[in-house]
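**Q** Just dropping this structure here.
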Amino acid sequence: MSFLLSALSHADEFRLAAAASLQPVAQALSKDFTQQTGHTFQTSFGASGKLFAQISNGAPFDVFMSADLKYPQELVKTGAGSGAVVHYANGVLVLWTSQKSIPKDWASWLKSAAVQKIAIAQPESAPYGREALRLLTTQNLLPALQDKLVYGESIAQASQFISAGAAQAGFTAKSIVANPDQPQTGAWIEIPQSSHQPIAQGAVLSARGKDNPAAVAFMAYLQSPAARAILLRYGFLAPK
């Protein structure tokens, strides 16, 4: 592919705005991308909705990797994004606790006195939080659990609540709990994909990034077998 042809003697840099679910995998992608092309990038993490708002208001990012397709598509519609949206992976929603196990009937467990707080990311700005709330709604669990919910600004903050024991359980991204570089303690189970909308994750160039050779090369790299293999290793699914 064209990104492999970039001359190492002409290395460029770009700025990446990335959903918090990508924090564990970003270093591996960065290392491989730099080895392949010589280009480098700096990453800022946050909730997809907040990063979308920053880019819409002129924040100097060249590439946006969201945890959904909606925000990148909206950037293109408004002119703050450029070119086609790349569907680079699907995310996996998991229920996680710092305790040793999760009962098979996890719904009853969440409703019990054993669980006082349940962490999720803010549904308004974090796609994983949005799908966690959708799950609780469709499973008719929200009325019983509403008062137990505590909201993290991003999936990373919601995960910190769980790992620190501030919440006895919570919903997070598999990419965070299945990080091969830093395995998490406790127990987690995957939520069936059929229980919520697909967490289809998309990337797009910003209007600023379309003229940055490193940013353009990275968008091509995201569609390569090498990038897909890294994403799979860190808990993502191949895009469908």
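How things are named: the first chain in the structure tokens is A, the next is B, and so on; residues count from 1 in each chain; ligands count from 1 in the order shown.
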Find the residues near Tyr88 of chain A: any atom within 9 Å, counting only C-alpha atoms, skip ones fewer than 3 places away on the same chain, and give them as an mmCIF file with all heavy atoms, in the first residue's frame.

**A**
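Saved result, part.cif, follows:
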data_model
loop_
_atom_site.group_PDB
_atom_site.id
_atom_site.type_symbol
_atom_site.label_atom_id
_atom_site.label_comp_id
_atom_site.auth_asym_id
_atom_site.auth_seq_id
_atom_site.Cartn_x
_atom_site.Cartn_y
_atom_site.Cartn_z
ATOM 1 N N MET A 65 -10.035 9.623 15.682
ATOM 2 C CA MET A 65 -10.448 8.227 15.811
ATOM 3 C C MET A 65 -11.524 8.169 16.892
ATOM 4 O O MET A 65 -11.238 8.286 18.077
ATOM 5 C CB MET A 65 -9.269 7.325 16.192
ATOM 6 C CG MET A 65 -8.249 7.139 15.085
ATOM 7 S SD MET A 65 -6.905 6.005 15.559
ATOM 8 C CE MET A 65 -7.752 4.416 15.480
ATOM 9 N N ALA A 200 -19.468 0.468 16.228
ATOM 10 C CA ALA A 200 -18.650 0.607 15.017
ATOM 11 C C ALA A 200 -17.813 1.872 15.147
ATOM 12 O O ALA A 200 -18.356 2.962 15.295
ATOM 13 C CB ALA A 200 -19.545 0.669 13.791
ATOM 14 N N GLN A 201 -16.499 1.731 15.133
ATOM 15 C CA GLN A 201 -15.595 2.847 15.402
ATOM 16 C C GLN A 201 -14.989 3.370 14.103
ATOM 17 O O GLN A 201 -14.492 2.612 13.282
ATOM 18 C CB GLN A 201 -14.520 2.417 16.409
ATOM 19 C CG GLN A 201 -15.146 1.827 17.685
ATOM 20 C CD GLN A 201 -14.227 1.803 18.875
ATOM 21 O OE1 GLN A 201 -14.574 1.241 19.905
ATOM 22 N NE2 GLN A 201 -13.064 2.407 18.808
ATOM 23 N N GLY A 202 -15.040 4.692 13.932
ATOM 24 C CA GLY A 202 -14.604 5.295 12.683
ATOM 25 C C GLY A 202 -13.551 6.372 12.874
ATOM 26 O O GLY A 202 -13.473 7.014 13.925
ATOM 27 N N ALA A 203 -12.761 6.573 11.838
ATOM 28 C CA ALA A 203 -11.723 7.609 11.838
ATOM 29 C C ALA A 203 -11.893 8.488 10.609
ATOM 30 O O ALA A 203 -12.381 8.046 9.564
ATOM 31 C CB ALA A 203 -10.334 6.975 11.835
ATOM 32 N N LEU A 222 -4.468 2.540 8.760
ATOM 33 C CA LEU A 222 -5.561 1.960 9.562
ATOM 34 C C LEU A 222 -6.304 0.850 8.821
ATOM 35 O O LEU A 222 -6.944 0.019 9.444
ATOM 36 C CB LEU A 222 -6.549 3.051 9.968
ATOM 37 C CG LEU A 222 -6.183 3.922 11.160
ATOM 38 C CD1 LEU A 222 -7.278 4.948 11.420
ATOM 39 C CD2 LEU A 222 -5.935 3.084 12.408
ATOM 40 N N GLN A 223 -6.219 0.852 7.507
ATOM 41 C CA GLN A 223 -6.908 -0.157 6.711
ATOM 42 C C GLN A 223 -5.997 -1.328 6.339
ATOM 43 O O GLN A 223 -6.399 -2.232 5.612
ATOM 44 C CB GLN A 223 -7.455 0.498 5.438
ATOM 45 C CG GLN A 223 -8.416 1.633 5.734
ATOM 46 C CD GLN A 223 -8.782 2.419 4.494
ATOM 47 O OE1 GLN A 223 -9.539 1.953 3.646
ATOM 48 N NE2 GLN A 223 -8.234 3.626 4.377
ATOM 49 N N ALA A 227 -2.328 -3.054 10.957
ATOM 50 C CA ALA A 227 -3.110 -2.292 11.935
ATOM 51 C C ALA A 227 -4.280 -3.124 12.458
ATOM 52 O O ALA A 227 -4.566 -3.120 13.658
ATOM 53 C CB ALA A 227 -3.618 -0.998 11.307
ATOM 54 N N ARG A 228 -4.940 -3.836 11.557
ATOM 55 C CA ARG A 228 -6.079 -4.663 11.978
ATOM 56 C C ARG A 228 -5.636 -5.732 12.970
ATOM 57 O O ARG A 228 -6.332 -6.023 13.948
ATOM 58 C CB ARG A 228 -6.720 -5.320 10.744
ATOM 59 C CG ARG A 228 -7.387 -4.325 9.805
ATOM 60 C CD ARG A 228 -8.824 -4.043 10.213
ATOM 61 N NE ARG A 228 -9.376 -2.890 9.525
ATOM 62 C CZ ARG A 228 -9.913 -2.907 8.305
ATOM 63 N NH1 ARG A 228 -9.946 -4.035 7.617
ATOM 64 N NH2 ARG A 228 -10.421 -1.813 7.771
ATOM 65 N N LEU A 231 -5.139 -4.148 16.408
ATOM 66 C CA LEU A 231 -6.429 -3.840 17.030
ATOM 67 C C LEU A 231 -7.103 -5.108 17.560
ATOM 68 O O LEU A 231 -7.673 -5.101 18.660
ATOM 69 C CB LEU A 231 -7.335 -3.123 16.028
ATOM 70 C CG LEU A 231 -6.928 -1.663 15.733
ATOM 71 C CD1 LEU A 231 -7.542 -1.179 14.426
ATOM 72 C CD2 LEU A 231 -7.335 -0.747 16.889
ATOM 73 N N ALA A 238 -12.864 -7.103 14.142
ATOM 74 C CA ALA A 238 -12.721 -6.621 12.783
ATOM 75 C C ALA A 238 -13.994 -5.918 12.354
ATOM 76 O O ALA A 238 -15.104 -6.331 12.726
ATOM 77 C CB ALA A 238 -12.408 -7.768 11.822
ATOM 78 N N PRO A 239 -13.889 -4.831 11.603
ATOM 79 C CA PRO A 239 -15.103 -4.106 11.179
ATOM 80 C C PRO A 239 -15.971 -4.954 10.276
ATOM 81 O O PRO A 239 -15.468 -5.755 9.497
ATOM 82 C CB PRO A 239 -14.533 -2.886 10.429
ATOM 83 C CG PRO A 239 -13.163 -3.302 10.009
ATOM 84 C CD PRO A 239 -12.665 -4.220 11.083
#

**Q** Could I get the residues of segment 136-207 of chain A with an atom no further than 9 Å from an atom of segment 95-108 of chain A, each paired with its nearest atom pair and that distance in Å to one decimal, using only C-alpha atoms, sorted by chain and residue number, as a tab-separated table?

**A**
residue	atom	partner	partner_atom	distance
A:Gln139	CA	A:Ala107	CA	8.9
A:Leu141	CA	A:Ala107	CA	7.5
A:Ser159	CA	A:Trp96	CA	8.5
A:Ile162	CA	A:Thr97	CA	6.2
A:Ser163	CA	A:Ser98	CA	5.7
A:Ala164	CA	A:Ser98	CA	7.8
A:Gly165	CA	A:Ser98	CA	6.5
A:Ala167	CA	A:Thr97	CA	8.2
A:Gln168	CA	A:Thr97	CA	5.9
A:Ala169	CA	A:Thr97	CA	4.4
A:Gly170	CA	A:Trp96	CA	5.5
A:Phe171	CA	A:Leu95	CA	4.6
A:Thr172	CA	A:Leu95	CA	6.5
A:Ala173	CA	A:Leu95	CA	8.6
A:Lys174	CA	A:Leu95	CA	8.9
A:Val177	CA	A:Trp96	CA	7.9
A:Gln184	CA	A:Ser98	CA	8.5
A:Thr185	CA	A:Ser98	CA	6.1
A:Gly186	CA	A:Ser98	CA	4.0
A:Ala187	CA	A:Ser101	CA	5.1
A:Trp188	CA	A:Trp96	CA	4.2
A:Ile189	CA	A:Leu95	CA	5.4
A:Glu190	CA	A:Leu95	CA	6.5
A:Ile191	CA	A:Leu95	CA	6.9

**Q** For Gln27 of chain A, please output as JSON, numbers by chain all residues within 12 Å (counting only C-alpha atoms; exclusion window: fewer than 6 positions along the same chain).

**A** {"A": [18, 33, 34, 40, 41, 42, 43, 179, 181, 227, 230, 231, 234]}

**Q** So that I can check the surroundings of Ala132 of chain A, please list as number ranges by chain every protein, DNA and RNA residue that reaches within 9 Å of it, counting only C-alpha atoms and ignoring chain neighbours fewer than 4 positions away.

**A** A: 93-94, 120-121, 123, 127-128, 136-137, 171-172, 196

**Q** Quick one: residues within 10 Å of Gln122 of chain A, only C-alpha atoms, excluding same-chain residues fewer than 3 positions away - as JSON, numbers by chain?

**A** {"A": [47, 49, 119, 125, 126, 127, 128, 129, 130, 132, 133, 150, 151, 152, 153, 154, 155, 157, 158]}
